[in-house]
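Comments concern the structure below.
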Amino acid sequence: MKKVLVMGGTEFVSKSLAKYLISKAYEVDIFTRGKKKLDYSGVKNHLTGNRHSIKDLKDKLSDRKYNYIFDISAYTREDVESLIKIINKEELKRYVFCSSGAVYIPKPNQELISENYPRGTNPHWGEYGLAKAKAEDHLFKLYKEEKFPITIFRPTYIYGEENNLYREVYFFDRVLKGQPIPIPDIKKKVQFIYIWDLVKSFEKGALSKASLGKAYNLTHPEKITWEGLINKIMEVTRKDVNLIKVDKEFRKQFNLVSKDFFPFRNINFILSTERLKEDEIYLPATSLEEGLRRSYLWYLKEDPNQFVHSMTKIDFILDKLE
């Protein structure tokens with residue numbers, strides 16, 4: 001039986017990954033802070049501690065051997081560096097790092113970004129994207145100098161059941177209440193990846209010989225505008241609401257940025273998936289419409305209502321523009 005460690009295991013991506021691997025008969029340990037109880041079964045060992053504490057990592061992980069490690073909770077070079085220093089590497093076949101498409105510097109047009117496109121500071125993502133890029137650099141260095149077995153994934157926007165970010169649920173909330181939705185008026189194009197596609201790609205990447213030492217963009221190939229996204233949500237919910245387009249001049253007049261009223265960054269976010277195809281890693285296949293339909297069914301069943309967000313100017317904008 002393949003032994004797996006998932007760093008995380010109680011939030012959206014890490015939890016979904018752990019559940020998926022358990023369903024595939026892996027022996028799965030998870031490492032979390034221990035602040036949330038598990039609401040699913042099958043975990044072999046729930047290890048608790050602070051991943052920023054070398055002592056906690058040594059106490060809980062140094063004597064254990066794993067075939068695969070999926071690092072979902074790392075955000076910085078220090079995060080990956082401290083973990084890799086203490087883990088037992090004797091039986092390790094792959095370390096999979098969940099990075100982000102935010103590592104790329106901005107591209108001025110709507111062309112797809114390949115994995116070879118320059119990474120670095122992206123003002124739209126700030127320290128988050130830069131820190132992920134630095135973590136990647138450390139992993140590439142370890143692979144080059146020590147043949148440490150890495151595979152890196154760079155997802156676009158992840159969505160689906162149990163998303164802990166107030167994104168698709170925000171739209172479901174407003175549509176069901178018949179509330180208008182303010183959106184940026186600029187026709188940016190973005191891509192999404194459904195959570196259960198993402199975890200399949202993670203597993204296939206970990207098992208693939210071709211993926212050793214490589215980074216992959218990870219997304220469904222479908223490109224869509226914000227207006228197109230909301231239209232799909234209205235199709236899925238079978239309810240219509242007004243879209244209020246917030247133009248650049250209005251935003252400038254009142255010193256607004258998109259995060260004041262919209263749950264996504266208003267930038268082009270489209271990535272090439274040719275490398276996934278070439279290396280025969282699982283290519284996300286769930287259409288945005290189908291993924292949103294499944295997410296909506298989960299939403300209706302679970303009625304999630306605890307989210308932190310920065311969209312504090314929605315009512316102000318609607319009061320001015322409706």
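Here, A, B, ... name the chains of the structure tokens in the order displayed, residue numbers run from 1 inside each chain, and ligands are numbered from 1 in the same displayed order.
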Exercise: region 14-25 of chain A partners within 8 Å, only C-alpha atoms, chain neighbours under 4 positions left out, as a short mmCIF file (atom, residue, chain, number, x, y, z; two decimals) with all heavy atoms, in the first residue's frame:
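As written to disk, result_14.cif reads:
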data_model
loop_
_atom_site.label_atom_id
_atom_site.label_comp_id
_atom_site.auth_asym_id
_atom_site.auth_seq_id
_atom_site.Cartn_x
_atom_site.Cartn_y
_atom_site.Cartn_z
N MET A 1 0.84 -1.20 0.00
CA MET A 1 0.00 0.00 0.00
C MET A 1 0.88 1.25 0.00
O MET A 1 1.84 1.35 0.76
CB MET A 1 -0.92 0.01 1.22
CG MET A 1 -1.85 1.20 1.28
SD MET A 1 -2.98 1.15 2.69
CE MET A 1 -4.06 -0.19 2.19
N VAL A 6 -0.30 14.15 3.53
CA VAL A 6 -0.89 15.39 3.02
C VAL A 6 -0.66 16.46 4.07
O VAL A 6 -1.10 16.33 5.21
CB VAL A 6 -2.40 15.23 2.74
CG1 VAL A 6 -3.01 16.59 2.35
CG2 VAL A 6 -2.64 14.20 1.65
N MET A 7 0.05 17.50 3.67
CA MET A 7 0.22 18.65 4.57
C MET A 7 -1.04 19.50 4.46
O MET A 7 -1.28 20.15 3.46
CB MET A 7 1.47 19.44 4.20
CG MET A 7 2.77 18.68 4.40
SD MET A 7 3.06 18.20 6.14
CE MET A 7 3.39 19.80 6.89
N GLY A 8 -1.84 19.45 5.50
CA GLY A 8 -3.19 19.98 5.50
C GLY A 8 -4.13 18.80 5.65
O GLY A 8 -3.72 17.70 6.02
N GLY A 9 -5.39 19.02 5.37
CA GLY A 9 -6.34 17.92 5.44
C GLY A 9 -7.70 18.29 6.00
O GLY A 9 -8.60 17.46 6.03
N THR A 10 -7.84 19.56 6.42
CA THR A 10 -9.14 19.97 6.97
C THR A 10 -9.76 21.15 6.22
O THR A 10 -10.85 21.59 6.56
CB THR A 10 -9.01 20.35 8.47
OG1 THR A 10 -8.00 21.35 8.62
CG2 THR A 10 -8.66 19.14 9.30
N ILE A 30 -2.40 12.88 7.60
CA ILE A 30 -2.51 14.32 7.37
C ILE A 30 -1.81 15.05 8.51
O ILE A 30 -1.70 14.53 9.63
CB ILE A 30 -3.97 14.79 7.24
CG1 ILE A 30 -4.74 14.57 8.55
CG2 ILE A 30 -4.65 14.08 6.08
CD1 ILE A 30 -6.14 15.16 8.54
N TYR A 40 -14.59 13.47 8.01
CA TYR A 40 -14.56 12.35 7.07
C TYR A 40 -13.69 11.26 7.67
O TYR A 40 -12.89 11.51 8.58
CB TYR A 40 -14.03 12.79 5.70
CG TYR A 40 -12.62 13.33 5.69
CD1 TYR A 40 -11.53 12.53 5.32
CD2 TYR A 40 -12.35 14.66 6.03
CE1 TYR A 40 -10.24 13.03 5.31
CE2 TYR A 40 -11.07 15.17 6.02
CZ TYR A 40 -10.01 14.35 5.66
OH TYR A 40 -8.73 14.85 5.64
N GLY A 42 -11.21 7.53 7.33
CA GLY A 42 -10.22 6.87 6.50
C GLY A 42 -8.80 7.34 6.69
O GLY A 42 -7.86 6.72 6.16
N VAL A 43 -8.58 8.44 7.43
CA VAL A 43 -7.22 8.92 7.68
C VAL A 43 -6.52 7.94 8.61
O VAL A 43 -7.06 7.55 9.65
CB VAL A 43 -7.25 10.33 8.31
CG1 VAL A 43 -5.86 10.73 8.80
CG2 VAL A 43 -7.78 11.34 7.30
N ILE A 72 0.25 20.98 0.51
CA ILE A 72 -0.82 21.92 0.14
C ILE A 72 -0.75 23.18 0.99
O ILE A 72 -1.22 24.24 0.56
CB ILE A 72 -2.20 21.25 0.31
CG1 ILE A 72 -2.22 19.87 -0.36
CG2 ILE A 72 -3.29 22.14 -0.26
CD1 ILE A 72 -1.88 19.88 -1.83
N SER A 73 -0.19 23.10 2.17
CA SER A 73 -0.24 24.23 3.12
C SER A 73 1.01 25.10 3.11
O SER A 73 1.12 26.02 3.92
CB SER A 73 -0.49 23.70 4.54
OG SER A 73 0.57 22.87 4.98
N ILE A 195 -12.37 21.30 -8.35
CA ILE A 195 -11.57 20.68 -7.30
C ILE A 195 -11.30 19.20 -7.56
O ILE A 195 -10.19 18.71 -7.34
CB ILE A 195 -12.23 20.89 -5.92
CG1 ILE A 195 -11.36 20.30 -4.81
CG2 ILE A 195 -13.64 20.32 -5.88
CD1 ILE A 195 -10.00 20.88 -4.67
N TRP A 196 -12.30 18.45 -8.06
CA TRP A 196 -12.08 17.02 -8.23
C TRP A 196 -11.26 16.70 -9.46
O TRP A 196 -10.69 15.60 -9.58
CB TRP A 196 -13.42 16.28 -8.22
CG TRP A 196 -14.08 16.44 -6.89
CD1 TRP A 196 -15.19 17.19 -6.60
CD2 TRP A 196 -13.64 15.88 -5.63
NE1 TRP A 196 -15.46 17.13 -5.25
CE2 TRP A 196 -14.54 16.34 -4.63
CE3 TRP A 196 -12.59 15.06 -5.27
CZ2 TRP A 196 -14.40 15.99 -3.30
CZ3 TRP A 196 -12.45 14.70 -3.93
CH2 TRP A 196 -13.35 15.17 -2.96
N VAL A 199 -7.46 17.28 -7.93
CA VAL A 199 -6.88 16.21 -7.14
C VAL A 199 -6.49 15.02 -8.02
O VAL A 199 -5.50 14.32 -7.73
CB VAL A 199 -7.81 15.78 -5.98
CG1 VAL A 199 -8.04 16.96 -5.04
CG2 VAL A 199 -9.13 15.22 -6.49
N GLU A 203 -2.65 13.46 -8.27
CA GLU A 203 -2.29 12.05 -8.12
C GLU A 203 -1.52 11.55 -9.35
O GLU A 203 -0.47 10.90 -9.22
CB GLU A 203 -3.53 11.18 -7.92
CG GLU A 203 -3.18 9.72 -7.66
CD GLU A 203 -4.23 8.73 -8.13
OE1 GLU A 203 -5.16 9.15 -8.86
OE2 GLU A 203 -4.10 7.55 -7.78
#
Near-Ser272 (chain A) list (9 Å; only C-alpha atoms; drop same-chain fewer than 4 positions) as a VMD selection string
chain A and resid 111 to 115 217 to 219 221 276
Using N, CA, C and O atoms, can you export the residues from the last selection as a PDB file, in the first residue's frame?
ATOM      1  N   GLU A 111      -2.853  36.287 -24.351  1.00  0.00           N
ATOM      2  CA  GLU A 111      -2.250  35.045 -24.814  1.00  0.00           C
ATOM      3  C   GLU A 111      -2.062  34.095 -23.635  1.00  0.00           C
ATOM      4  O   GLU A 111      -1.866  34.509 -22.499  1.00  0.00           O
ATOM      5  N   LEU A 112      -2.100  32.804 -23.939  1.00  0.00           N
ATOM      6  CA  LEU A 112      -1.885  31.809 -22.904  1.00  0.00           C
ATOM      7  C   LEU A 112      -0.451  31.858 -22.391  1.00  0.00           C
ATOM      8  O   LEU A 112       0.489  32.057 -23.158  1.00  0.00           O
ATOM      9  N   ILE A 113      -0.298  31.669 -21.105  1.00  0.00           N
ATOM     10  CA  ILE A 113       1.022  31.668 -20.477  1.00  0.00           C
ATOM     11  C   ILE A 113       1.504  30.223 -20.345  1.00  0.00           C
ATOM     12  O   ILE A 113       0.820  29.377 -19.780  1.00  0.00           O
ATOM     13  N   SER A 114       2.699  29.951 -20.865  1.00  0.00           N
ATOM     14  CA  SER A 114       3.280  28.617 -20.731  1.00  0.00           C
ATOM     15  C   SER A 114       4.142  28.561 -19.472  1.00  0.00           C
ATOM     16  O   SER A 114       4.430  29.580 -18.842  1.00  0.00           O
ATOM     17  N   GLU A 115       4.569  27.359 -19.125  1.00  0.00           N
ATOM     18  CA  GLU A 115       5.368  27.185 -17.907  1.00  0.00           C
ATOM     19  C   GLU A 115       6.723  27.857 -17.976  1.00  0.00           C
ATOM     20  O   GLU A 115       7.357  28.096 -16.945  1.00  0.00           O
ATOM     21  N   ASN A 217       1.203  24.025 -15.432  1.00  0.00           N
ATOM     22  CA  ASN A 217      -0.015  24.806 -15.297  1.00  0.00           C
ATOM     23  C   ASN A 217      -1.172  23.832 -15.138  1.00  0.00           C
ATOM     24  O   ASN A 217      -1.179  22.756 -15.743  1.00  0.00           O
ATOM     25  N   LEU A 218      -2.152  24.234 -14.333  1.00  0.00           N
ATOM     26  CA  LEU A 218      -3.263  23.323 -14.069  1.00  0.00           C
ATOM     27  C   LEU A 218      -4.577  24.089 -14.118  1.00  0.00           C
ATOM     28  O   LEU A 218      -4.862  24.926 -13.254  1.00  0.00           O
ATOM     29  N   THR A 219      -5.368  23.800 -15.140  1.00  0.00           N
ATOM     30  CA  THR A 219      -6.644  24.477 -15.311  1.00  0.00           C
ATOM     31  C   THR A 219      -7.468  23.751 -16.361  1.00  0.00           C
ATOM     32  O   THR A 219      -6.938  22.944 -17.136  1.00  0.00           O
ATOM     33  N   PRO A 221      -9.197  24.099 -19.858  1.00  0.00           N
ATOM     34  CA  PRO A 221      -8.826  24.996 -20.963  1.00  0.00           C
ATOM     35  C   PRO A 221      -9.842  26.091 -21.284  1.00  0.00           C
ATOM     36  O   PRO A 221      -9.487  27.084 -21.937  1.00  0.00           O
ATOM     37  N   LEU A 276       0.784  19.480 -19.801  1.00  0.00           N
ATOM     38  CA  LEU A 276      -0.019  18.404 -19.225  1.00  0.00           C
ATOM     39  C   LEU A 276      -0.343  17.352 -20.290  1.00  0.00           C
ATOM     40  O   LEU A 276      -0.232  16.139 -20.054  1.00  0.00           O
TER      41      LEU A 276
END
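One distance worth recording is that between CA of Phe269 (chain A) and CA of Leu300 (chain A), which is 28.9 Å.
Counting only C-alpha atoms, the residue from A:Lys58, A:His309, A:Lys141, A:Arg293 that sits nearest to Tyr170 (chain A) is A:His309.
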Could you give me, as a PyMOL selection string, the residues within 8 Å of Ile158 (chain A), counting only C-alpha atoms and dropping anything in the same chain fewer than 2 positions from it?
chain A and resi 155-156+160+192-195
Please compute the CA of Ala133 (chain A)-CA of Arg119 (chain A) distance, one decimal, in Å.
6.6 Å
Considering only C-alpha atoms, return as an MDAnalysis selection string whatever protein or nucleic-acid residues lie within 12 Å of Leu142 (chain A), sequence-local ones (same chain, fewer than 6 positions apart) excluded.
chainID A and resid 77 80:81 84:85 95 135:136 148:151 213
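Compared by their closest atoms to Thr273 (chain A), and using only C-alpha atoms, the residues A:Arg51, A:His220, A:Lys320, A:His46 rank with A:His220 nearest.
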Using DSSP secondary structure from the backbone, list all strand (DSSP E or B) positions within region 67-300 of chain A, as a PyMOL selection string.
chain A and resi 68-71+88+94-98+104+113+119+150-155+157-159+181-184+190+192-194+214-218+224+243-246+269+271
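Residues lying within 8 Å of Phe307 (chain A), counting only C-alpha atoms and ignoring same-chain neighbours fewer than 4 positions away, are Asn164, Leu165 and Tyr166 of chain A.
Between Cys98 (chain A) and the candidates A:Ala74, A:Ile186, A:Leu57, A:Leu321, the tightest atom-to-atom separation, counting only C-alpha atoms, involves A:Ala74.
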Rounded to one decimal in Å, what is the spacing between CA of Gln179 (chain A) and CA of Lys245 (chain A)?
14.1 Å
Would you list, as a ChimeraX atom specification, the residues of region 78-194 of chain A that end up in alpha helix (DSSP H) under DSSP run on this structure's backbone?
/A:78-86,127-146,168-176
Limited to N, CA, C and O atoms, could you put the picked residues into a file as a compact mmCIF listing (two decimals), in the first residue's frame?
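Wrote it out as result-v1.txt, contents follow:
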# COMPACT_ATOMS: atom_id res chain seq x y z
N GLU A 78 10.56 29.10 3.14
CA GLU A 78 10.84 28.59 4.48
C GLU A 78 9.94 27.42 4.84
O GLU A 78 10.36 26.48 5.51
N ASP A 79 8.69 27.48 4.38
CA ASP A 79 7.75 26.39 4.64
C ASP A 79 8.25 25.07 4.06
O ASP A 79 8.26 24.03 4.74
N VAL A 80 8.65 25.10 2.79
CA VAL A 80 9.09 23.86 2.16
C VAL A 80 10.47 23.44 2.65
O VAL A 80 10.76 22.26 2.83
N GLU A 81 11.33 24.42 2.90
CA GLU A 81 12.69 24.13 3.33
C GLU A 81 12.71 23.40 4.67
O GLU A 81 13.41 22.39 4.83
N SER A 82 11.96 23.89 5.63
CA SER A 82 11.96 23.28 6.96
C SER A 82 11.37 21.88 6.93
O SER A 82 11.88 20.96 7.60
N LEU A 83 10.32 21.67 6.13
CA LEU A 83 9.72 20.34 6.04
C LEU A 83 10.69 19.35 5.39
O LEU A 83 10.89 18.24 5.90
N ILE A 84 11.29 19.74 4.29
CA ILE A 84 12.16 18.82 3.55
C ILE A 84 13.41 18.47 4.34
O ILE A 84 13.94 17.36 4.23
N LYS A 85 13.86 19.37 5.17
CA LYS A 85 15.05 19.09 5.98
C LYS A 85 14.83 17.95 6.97
O LYS A 85 15.76 17.21 7.27
N ILE A 86 13.61 17.82 7.46
CA ILE A 86 13.42 16.85 8.55
C ILE A 86 12.76 15.55 8.10
O ILE A 86 12.79 14.56 8.84
N GLU A 127 2.70 39.64 -2.41
CA GLU A 127 3.68 38.75 -1.80
C GLU A 127 3.30 37.28 -1.97
O GLU A 127 4.18 36.41 -2.02
N TYR A 128 2.01 37.00 -2.09
CA TYR A 128 1.57 35.62 -2.23
C TYR A 128 2.24 34.94 -3.43
O TYR A 128 2.85 33.86 -3.30
N GLY A 129 2.13 35.54 -4.61
CA GLY A 129 2.70 34.95 -5.81
C GLY A 129 4.21 34.89 -5.77
O GLY A 129 4.83 33.90 -6.17
N LEU A 130 4.84 35.96 -5.27
CA LEU A 130 6.30 36.00 -5.20
C LEU A 130 6.82 34.93 -4.24
O LEU A 130 7.83 34.27 -4.52
N ALA A 131 6.16 34.76 -3.10
CA ALA A 131 6.60 33.76 -2.13
C ALA A 131 6.47 32.35 -2.71
O ALA A 131 7.34 31.49 -2.48
N LYS A 132 5.40 32.09 -3.45
CA LYS A 132 5.25 30.79 -4.10
C LYS A 132 6.38 30.56 -5.12
O LYS A 132 6.92 29.45 -5.23
N ALA A 133 6.72 31.60 -5.87
CA ALA A 133 7.79 31.48 -6.86
C ALA A 133 9.13 31.18 -6.18
O ALA A 133 9.92 30.36 -6.68
N LYS A 134 9.40 31.80 -5.06
CA LYS A 134 10.64 31.54 -4.34
C LYS A 134 10.67 30.12 -3.78
O LYS A 134 11.73 29.47 -3.75
N ALA A 135 9.52 29.63 -3.34
CA ALA A 135 9.44 28.24 -2.89
C ALA A 135 9.74 27.29 -4.05
O ALA A 135 10.46 26.30 -3.90
N GLU A 136 9.18 27.60 -5.22
CA GLU A 136 9.48 26.81 -6.41
C GLU A 136 10.97 26.80 -6.72
O GLU A 136 11.55 25.75 -7.01
N ASP A 137 11.59 27.97 -6.67
CA ASP A 137 13.02 28.07 -6.97
C ASP A 137 13.84 27.16 -6.07
O ASP A 137 14.80 26.51 -6.51
N HIS A 138 13.49 27.12 -4.80
CA HIS A 138 14.20 26.26 -3.85
C HIS A 138 14.01 24.79 -4.24
O HIS A 138 14.98 24.00 -4.19
N LEU A 139 12.82 24.42 -4.65
CA LEU A 139 12.56 23.04 -5.03
C LEU A 139 13.30 22.66 -6.32
O LEU A 139 13.86 21.57 -6.42
N PHE A 140 13.33 23.55 -7.29
CA PHE A 140 14.09 23.29 -8.52
C PHE A 140 15.57 23.11 -8.20
O PHE A 140 16.25 22.27 -8.79
N LYS A 141 16.08 23.91 -7.28
CA LYS A 141 17.48 23.80 -6.87
C LYS A 141 17.77 22.44 -6.23
O LYS A 141 18.78 21.80 -6.53
N LEU A 142 16.87 22.00 -5.35
CA LEU A 142 17.04 20.70 -4.72
C LEU A 142 17.00 19.57 -5.74
O LEU A 142 17.76 18.59 -5.63
N TYR A 143 16.14 19.71 -6.73
CA TYR A 143 16.06 18.68 -7.77
C TYR A 143 17.35 18.65 -8.58
O TYR A 143 17.90 17.57 -8.86
N LYS A 144 17.84 19.82 -8.95
CA LYS A 144 19.04 19.90 -9.78
C LYS A 144 20.27 19.40 -9.04
O LYS A 144 21.10 18.67 -9.59
N GLU A 145 20.41 19.77 -7.77
CA GLU A 145 21.63 19.47 -7.03
C GLU A 145 21.58 18.12 -6.32
O GLU A 145 22.61 17.47 -6.14
N GLU A 146 20.38 17.70 -5.89
CA GLU A 146 20.27 16.49 -5.07
C GLU A 146 19.33 15.45 -5.66
O GLU A 146 19.14 14.38 -5.06
N GLU A 168 -17.65 31.39 -5.57
CA GLU A 168 -18.90 30.97 -6.22
C GLU A 168 -20.08 31.04 -5.27
O GLU A 168 -21.20 31.35 -5.69
N VAL A 169 -19.84 30.80 -3.99
CA VAL A 169 -20.94 30.90 -3.02
C VAL A 169 -21.46 32.33 -2.92
O VAL A 169 -22.66 32.57 -2.72
N TYR A 170 -20.58 33.30 -3.07
CA TYR A 170 -21.00 34.71 -3.09
C TYR A 170 -22.03 34.93 -4.19
O TYR A 170 -23.08 35.55 -3.96
N PHE A 171 -21.75 34.41 -5.38
CA PHE A 171 -22.70 34.58 -6.49
C PHE A 171 -23.99 33.81 -6.24
O PHE A 171 -25.08 34.31 -6.52
N PHE A 172 -23.88 32.60 -5.71
CA PHE A 172 -25.09 31.84 -5.39
C PHE A 172 -25.96 32.61 -4.40
O PHE A 172 -27.18 32.67 -4.54
N ASP A 173 -25.33 33.17 -3.38
CA ASP A 173 -26.07 33.94 -2.38
C ASP A 173 -26.86 35.07 -3.02
O ASP A 173 -28.05 35.25 -2.76
N ARG A 174 -26.20 35.83 -3.86
CA ARG A 174 -26.85 37.01 -4.43
C ARG A 174 -27.94 36.62 -5.44
O ARG A 174 -29.02 37.23 -5.47
N VAL A 175 -27.66 35.61 -6.23
CA VAL A 175 -28.65 35.20 -7.23
C VAL A 175 -29.91 34.68 -6.55
O VAL A 175 -31.04 35.03 -6.94
N LEU A 176 -29.73 33.86 -5.51
CA LEU A 176 -30.91 33.30 -4.84
C LEU A 176 -31.72 34.38 -4.13
O LEU A 176 -32.94 34.24 -3.98
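The nearest approach to Leu212 (chain A) among the residues A:Leu61, A:Val4, A:Leu256, A:Val96, with only C-alpha atoms taken into account, belongs to A:Val96.
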All residues 10 Å or closer to Ile105 (chain A), only C-alpha atoms, same chain fewer than 3 positions away omitted, as a short mmCIF file (atom, residue, chain, number, x, y, z; two decimals) with all heavy atoms, in the first residue's frame:
data_model
loop_
_atom_site.label_atom_id
_atom_site.label_comp_id
_atom_site.auth_asym_id
_atom_site.auth_seq_id
_atom_site.Cartn_x
_atom_site.Cartn_y
_atom_site.Cartn_z
N GLY A 101 -0.80 29.78 -10.27
CA GLY A 101 -0.59 30.58 -11.47
C GLY A 101 -0.22 32.01 -11.16
O GLY A 101 0.19 32.77 -12.05
N ALA A 102 -0.31 32.39 -9.89
CA ALA A 102 0.07 33.74 -9.47
C ALA A 102 1.57 33.98 -9.51
O ALA A 102 2.02 35.10 -9.29
CB ALA A 102 -0.46 34.01 -8.06
N PRO A 108 0.74 41.43 -20.82
CA PRO A 108 -0.14 42.54 -21.22
C PRO A 108 -1.29 42.17 -22.13
O PRO A 108 -2.20 42.95 -22.33
CB PRO A 108 0.83 43.49 -21.94
CG PRO A 108 1.94 42.61 -22.41
CD PRO A 108 2.10 41.54 -21.37
N ILE A 113 -0.30 31.67 -21.10
CA ILE A 113 1.02 31.67 -20.48
C ILE A 113 1.50 30.22 -20.34
O ILE A 113 0.82 29.38 -19.78
CB ILE A 113 0.97 32.33 -19.09
CG1 ILE A 113 0.68 33.83 -19.25
CG2 ILE A 113 2.25 32.12 -18.32
CD1 ILE A 113 0.52 34.56 -17.92
N TYR A 117 7.22 30.89 -19.13
CA TYR A 117 7.05 32.34 -19.03
C TYR A 117 7.68 32.83 -17.72
O TYR A 117 7.64 32.13 -16.70
CB TYR A 117 5.57 32.70 -19.08
CG TYR A 117 5.30 34.17 -19.21
CD1 TYR A 117 5.49 34.83 -20.43
CD2 TYR A 117 4.87 34.92 -18.12
CE1 TYR A 117 5.24 36.18 -20.55
CE2 TYR A 117 4.62 36.27 -18.25
CZ TYR A 117 4.81 36.90 -19.46
OH TYR A 117 4.59 38.25 -19.57
N PRO A 118 8.28 34.05 -17.73
CA PRO A 118 8.98 34.53 -16.52
C PRO A 118 8.09 34.60 -15.28
O PRO A 118 6.92 34.99 -15.34
CB PRO A 118 9.43 35.94 -16.94
CG PRO A 118 9.54 35.88 -18.42
CD PRO A 118 8.44 34.97 -18.86
N ARG A 119 8.67 34.20 -14.17
CA ARG A 119 8.00 34.27 -12.87
C ARG A 119 8.64 35.37 -12.05
O ARG A 119 9.79 35.75 -12.27
CB ARG A 119 8.14 32.93 -12.12
CG ARG A 119 7.46 31.77 -12.81
CD ARG A 119 7.84 30.43 -12.16
NE ARG A 119 9.26 30.19 -12.27
CZ ARG A 119 10.08 30.00 -11.24
NH1 ARG A 119 9.60 30.01 -10.00
NH2 ARG A 119 11.37 29.78 -11.42
N GLY A 120 7.88 35.86 -11.07
CA GLY A 120 8.43 36.90 -10.21
C GLY A 120 7.33 37.76 -9.62
O GLY A 120 6.24 37.29 -9.35
N THR A 121 7.63 39.05 -9.47
CA THR A 121 6.68 39.95 -8.82
C THR A 121 5.50 40.26 -9.74
O THR A 121 5.67 40.71 -10.87
CB THR A 121 7.37 41.26 -8.42
OG1 THR A 121 8.45 40.96 -7.53
CG2 THR A 121 6.39 42.20 -7.72
N ASN A 122 4.32 40.00 -9.24
CA ASN A 122 3.08 40.35 -9.94
C ASN A 122 2.28 41.24 -9.00
O ASN A 122 1.80 40.77 -7.97
CB ASN A 122 2.29 39.08 -10.29
CG ASN A 122 1.07 39.37 -11.14
OD1 ASN A 122 0.40 40.38 -10.94
ND2 ASN A 122 0.76 38.47 -12.07
N PRO A 123 2.13 42.53 -9.33
CA PRO A 123 1.47 43.45 -8.40
C PRO A 123 0.03 43.08 -8.08
O PRO A 123 -0.50 43.47 -7.05
CB PRO A 123 1.54 44.80 -9.14
CG PRO A 123 1.73 44.46 -10.58
CD PRO A 123 2.55 43.21 -10.58
N HIS A 124 -0.60 42.31 -8.95
CA HIS A 124 -1.98 41.91 -8.69
C HIS A 124 -2.07 40.86 -7.59
O HIS A 124 -3.10 40.74 -6.93
CB HIS A 124 -2.62 41.36 -9.97
CG HIS A 124 -2.61 42.34 -11.10
ND1 HIS A 124 -3.37 43.48 -11.12
CD2 HIS A 124 -1.91 42.34 -12.27
CE1 HIS A 124 -3.17 44.15 -12.24
NE2 HIS A 124 -2.28 43.48 -12.95
N TRP A 125 -1.02 40.09 -7.39
CA TRP A 125 -1.03 39.02 -6.40
C TRP A 125 -0.15 39.34 -5.20
O TRP A 125 -0.26 38.68 -4.16
CB TRP A 125 -0.57 37.71 -7.03
CG TRP A 125 -1.47 37.20 -8.08
CD1 TRP A 125 -1.34 37.35 -9.44
CD2 TRP A 125 -2.69 36.47 -7.90
NE1 TRP A 125 -2.39 36.76 -10.10
CE2 TRP A 125 -3.23 36.20 -9.18
CE3 TRP A 125 -3.36 35.99 -6.77
CZ2 TRP A 125 -4.41 35.50 -9.36
CZ3 TRP A 125 -4.54 35.29 -6.95
CH2 TRP A 125 -5.05 35.05 -8.24
N GLY A 129 2.13 35.54 -4.61
CA GLY A 129 2.70 34.95 -5.81
C GLY A 129 4.21 34.89 -5.77
O GLY A 129 4.83 33.90 -6.17
N LEU A 130 4.84 35.96 -5.27
CA LEU A 130 6.30 36.00 -5.20
C LEU A 130 6.82 34.93 -4.24
O LEU A 130 7.83 34.27 -4.52
CB LEU A 130 6.76 37.38 -4.76
CG LEU A 130 8.28 37.60 -4.69
CD1 LEU A 130 8.91 37.37 -6.06
CD2 LEU A 130 8.60 39.00 -4.19
#
